[in-house]
Amino acid sequence: MKLLISCIVAFTHQTIFAQFTISGRITDAKNGDPLPFASVGLKGLNVGTQTNFDGVYTIKTKFLSDSIYVSTVNYKKKSKAIDKTATTQTIDFQMQAEAKSLDEVVVYSGENPAFKILRKLRENAEQNDRKRLTAFEYDSYSKMELDVDNISDKFKEKKVMKQIQGAIEKFEKIAGEDGKAVIPTFISETLSKFYFRETPNRKKEIVQKNNIKGVGVKEGSFISQLVGGNIFANYNFYDNYVPFLGKDIISPVGSNWKGTYTWYISDTTDVDGHVCYGMEFDPKNDKDLVFVGKAYIDTTSYALVQIDATIGKQANINFIDKIKISQELEKTEEGAWLPAKTRFLIDIAEISKNSAGMLLKMYISNKNFVINKPRDLSFYDLPVEVAEDSKEPDPNFWLNARHESLSAQDILAAKLIDTVRNVPIVKTYIEIAEIIASGYKRFGNKFAVGPYINLFALNSEEGLRTRFGFKTLAGFDKKWILKGWLGFGTKDLVFKYGGEVDYILSRRHWTVAGIKHSYDLERIGLTPELIGDNKIFYAFTRWGRFTGAYYRRESEIFLKTEPSKGLSFNIAFTTRNFDPLFNFQFRTKPELGPRSPSLDGYDDSFITVEARFAKNETFLMDGNERISLGSKRVPVVSIAYQQGFKGILGSNFNYQRITAKIYQSFRLGSFGRSDYTVQAGYIPSDLPAPLLFPHLGNQTFFYNRAAFNTMHFFEFVSDKFVSLNYNHNFEGLLFNRIPAIRQLKWRLIASANVLFGSQRQQNLDLMKEAIPVINPRHKDGKLLPRYNFSALDPNIPYIEVGYGIDNIFKIFRLQAFHRLTYLDHISPNGELPKSFALKASVHFSF
């Protein structure tokens with residue numbers, strides 16, 4: 001009896017004074033992403049908490065209820081039973097997304113109380129924004145993962161999936177009872193130092209160590225730079241727009257917070273020692289480029305402390321089911337707040353019901369902030385540097401260097417990748433994808449063959465044209481680059497060829513010297529230097545009727561360098577000849593009139609000096625090649641001077657040629673994004689028409705942003721000109737507001753091209769009839785019809801306007817153009833112009 005009484009007393013004492021602990025992790029059931037700021041509570045009791053930035057919660061209580069629940073914005077509320085006999089237990093939740101916006105908030109008197117808080121946030125933004133700091137730097141740890149998700153049962157039946165079925169089952173188990181398995185294909189972790197300077201604006205990231213595992217990933221500095229997160233994911237929500245995937249997402253706490261979003265106060269809570277307002281926001285039009293989510297704003301400083309912002313599949317973004325950005329900020333000693341932790345996720349939609357989707361996830365942790373100690377400007381010359389020993393494996397280093405330990409899923413992911421990347425069919429898929437993306441077939445890390453877009457063409461001069469090329473890669477040599485190609489036409493039976501040797505003198509200031517030589521069939525006004533980087537358009541101009549053709553032999557020696565950030569120079573000496581396949585002649589002594597002797601070709605030797613300024617332009621290194629990520633918000637300016645030398649290597653002319661170009665892309669608020677190109681050129685010398693400025697026409701069905709799309713090839717030639725190409729994409733401004741069309745995610749586009757140009761009379765006289773020269777290329781010794789190199793009237797501009805629809809089926813663009821002037825002008829082929837043209841293009845954009 002005494003023993004029974006003692007047991008009852010002990011049990012009662014334990015029940016009264018017991019401390020129960022419940023902990024767990026709240027994640028998205030579809031992708032496993034942690035859900036910060038989720039509310040967790042015991043049903044029927046006033047006991048609860050919120051998840052931290054990593055989706056983890058802990059509840060300590062003396063009393064238990066029957067169940068625990070979780071609720072968070074845009075997810076279905078969920079409950080689970082509690083084991084009342086356990087003092088410590090782990091209860092994880094996998095939450096199902098709910099395609100529902102926040103409920104409408106009705107304010108019965110006065111204004112919405114959230115508005116006062118948001119106005120205070122904007123008033124104090126200058127004090128709290130990191131832009132007030134002259135400079136800052138910190139240690140950064142980032143972790144990136146690329147997964148396959150949405151794996152259907154039918155997709156599991158594919159051969160490639162059956163070979164990793166055991167691994168899939170392991171991931172299904174670790175995903176949880178309500179979660180879906182995701183299969184990792186790439187995982188990396190990077191330790192780096194990040195540096196920022198405000199005036200002038202400079203960024204730099206030094207990658208100290210990286211640990212990369214991936215299916216089909218080849219060792220190379222390009223991957224090493226991409227896995228560092230601060231260059232690409234350093235988001236600032238105080239700005240009016242948050243750039244992501246080339247889109248400008250309207251910030252919920254930017255200056256247009258009231259016109260774009262609906263706000264209300266949901267709670268007040270402590271976030272790392274800061275008492276904060278919990279503020280939920282929802283877009284007024286979910287088809288716009290906007291977020292939905294929750295923000296925590298400090299009640300004292302009105303600073304943004306944490307934010308969880310999501311873009312759903314309703315937004316006018318292609319191939320995306322969800323974009324999510326979560327950020328936790330830390331206050332510095334100067335009062336400004338810097339991002340301490342950032343997590344972003346891109347959920348890429350599956351192409352068809354029976355395929356799988358992709359997930360890109362990145363986590364970034366920053367600490368050891370140093371502020372207002374800017375480095376010398378030269379320190380920022382290379383925006384990304386990779387330490388020589390960054391890829392050397394060192395497990396002990398990572399044990400101490402990580403800002404947090406790897407999860408069980410991270411460890412399993414690394415093991416699975418080792419298995420998957422050795423599956424033969426996986427290797428084949430990766431190789432095909434790489435060829436499509438780069439245009440080249442790589443053979444190890446030493447050389448590549450291609451590009452495939454130039455392999456074949458069919459035209460009236462060459463018949464079936466074939467071309468094969470190659471280039472060496474960084475594995476061959478880190479300083480020497482060799483390129484070459486060989487082509488042949490079945491009709492003209494002429495071999496064409498080209499070769500180039502480059503040497504990288506400096507990577508820090510990107511200095512490259514080289515020499516190249518080529519012999520090829522070209523067309524007036526459609527040369528690579530005029531078309532620029534539009535390689536697809538250039539390839540298609542080699543199909544069909546090949547008018548204005550000529551053989552060109554060209555040799556060049558050049559030096560390119562970037563002595564300071566954003567400023568680059570290109571110096572080249574070039575010699576080339578012009579050997580036309582049409583009736584071409586120019587007067588060598590125009591003062592004699594029709595009695596002047598003439599030439600049907602020429603040689604040309606000249607020096608070119610070009611300067612280019614692109615403030616804040618960011619580059620990445622891909623082996624021995626440098627890839628530009630563009631220069632945002634500011635114009636890119638280039639100016640070139642060319643001097644021809646008569647008598648040097650048989651050159652026929654002394655001349656001067658000056659060109660200038662300005663390009664800029666900029667945002668027009670909610671009206672979309674515009675870009676313009678202004679070009680001008682002046683030649684004070686007397687030259688035949690092909691050496692002047694042939695304006696780029698477009699007789700193909702394909703749209704070309706840089707061309708006059710209703711102009712014939714080489715229809716107009718000028719010795720002085722100025723032109724404007726203007727394009728505007730309204731994004732979803734119009735179509736997002738039409739109920740029957742908004743689901744299509746079409747985007748309205750508009751453009752205008754204007755050209756002023758003229759020729760001096762001396763240059764017009766050069767091209768008039770003279771004593772004819774019989775070229776052996778002319779059929780049966782007879783002269784072919786002459787082409788008319790027309791000049792523009794200096795008082796009448798060439799004008800065309802266009803409008804159309806972008807994003808048709810997510811990849812097509814259809815644009816109509818109207819030619820407004822020179823409607824009765826005869827083209828070089830004797831054709832009347834078309835006042836209307838319809839152009840199409842295929843491109844992938846988000």
# chains A, B, ... in the order shown; residues from 1 in each chain; ligands from 1

$ select_by_dssp --residues "region 270-418 of chain A" --states "strand (DSSP E)" --output "MDAnalysis selection string"
chainID A and resid 270:271 274:283 292:298 304:312 320:331 337:348 357:371 384:386

$ residues_around --residues "Gln306 (chain A)" --least-positions-apart "6" --cutoff "12 Å" --atoms "only C-alpha atoms" --output "ChimeraX atom specification"
/A:36-37,52-53,236-237,253,269-272,274-280,293-298,325-331,337-343

$ residues_around --residues "Arg587 (chain A)" --least-positions-apart "5" --cutoff "10 Å" --atoms "only C-alpha atoms" --output "PyMOL selection string"
chain A and resi 592-600+687-688+763+765-772

$ write_last_selection --atoms "N, CA and C atoms" --output "tab-separated table (two decimals), in the first residue's frame"
chain	number	residue	atom	x	y	z
A	592	LEU	N	37.23	62.82	-114.60
A	592	LEU	CA	37.15	62.60	-116.04
A	592	LEU	C	35.76	62.19	-116.50
A	593	GLY	N	34.84	62.03	-115.58
A	593	GLY	CA	33.49	61.66	-115.95
A	593	GLY	C	33.42	60.25	-116.50
A	594	PRO	N	32.57	60.02	-117.52
A	594	PRO	CA	32.41	58.67	-118.08
A	594	PRO	C	33.70	58.10	-118.68
A	595	ARG	N	34.68	58.98	-119.00
A	595	ARG	CA	35.94	58.51	-119.58
A	595	ARG	C	36.91	58.00	-118.52
A	596	SER	N	36.50	58.12	-117.26
A	596	SER	CA	37.38	57.68	-116.18
A	596	SER	C	37.61	56.18	-116.24
A	597	PRO	N	38.86	55.75	-116.02
A	597	PRO	CA	39.08	54.31	-115.85
A	597	PRO	C	38.36	53.83	-114.59
A	598	SER	N	38.11	52.54	-114.51
A	598	SER	CA	37.37	52.01	-113.37
A	598	SER	C	38.00	50.71	-112.88
A	599	LEU	N	37.65	50.35	-111.67
A	599	LEU	CA	38.06	49.07	-111.07
A	599	LEU	C	36.80	48.31	-110.66
A	600	ASP	N	36.87	46.97	-110.74
A	600	ASP	CA	35.74	46.17	-110.31
A	600	ASP	C	36.00	45.47	-108.98
A	687	LEU	N	35.02	57.51	-101.20
A	687	LEU	CA	35.14	56.06	-101.20
A	687	LEU	C	34.01	55.44	-102.01
A	688	PRO	N	34.22	54.24	-102.58
A	688	PRO	CA	33.12	53.52	-103.23
A	688	PRO	C	32.10	53.07	-102.20
A	763	ASN	N	31.07	61.09	-103.63
A	763	ASN	CA	30.91	59.65	-103.50
A	763	ASN	C	29.87	59.11	-104.48
A	765	ASP	N	29.43	60.36	-107.44
A	765	ASP	CA	30.10	60.37	-108.74
A	765	ASP	C	31.01	59.16	-108.91
A	766	LEU	N	31.61	58.71	-107.82
A	766	LEU	CA	32.50	57.55	-107.90
A	766	LEU	C	31.80	56.31	-108.46
A	767	MET	N	30.50	56.16	-108.18
A	767	MET	CA	29.78	54.94	-108.53
A	767	MET	C	29.05	55.06	-109.86
A	768	LYS	N	29.23	56.16	-110.58
A	768	LYS	CA	28.56	56.30	-111.88
A	768	LYS	C	29.29	55.47	-112.94
A	769	GLU	N	28.60	55.25	-114.09
A	769	GLU	CA	29.17	54.46	-115.18
A	769	GLU	C	30.50	55.04	-115.64
A	770	ALA	N	31.45	54.14	-115.92
A	770	ALA	CA	32.76	54.54	-116.43
A	770	ALA	C	33.17	53.54	-117.50
A	771	ILE	N	34.44	53.59	-117.91
A	771	ILE	CA	34.92	52.61	-118.87
A	771	ILE	C	34.82	51.23	-118.24
A	772	PRO	N	34.04	50.33	-118.81
A	772	PRO	CA	33.76	49.07	-118.13
A	772	PRO	C	34.99	48.16	-118.06

$ residues_around --residues "region 652-666 of chain A" --least-positions-apart "3" --cutoff "6 Å" --atoms "only C-alpha atoms" --output "count of residues only"
26

$ residues_around --residues "region 287-290 of chain A" --least-positions-apart "6" --cutoff "10 Å" --atoms "only C-alpha atoms" --output "PyMOL selection string"
chain A and resi 241-242+247-252+260-261+309-317+670+731-733+735-737+742-743+745
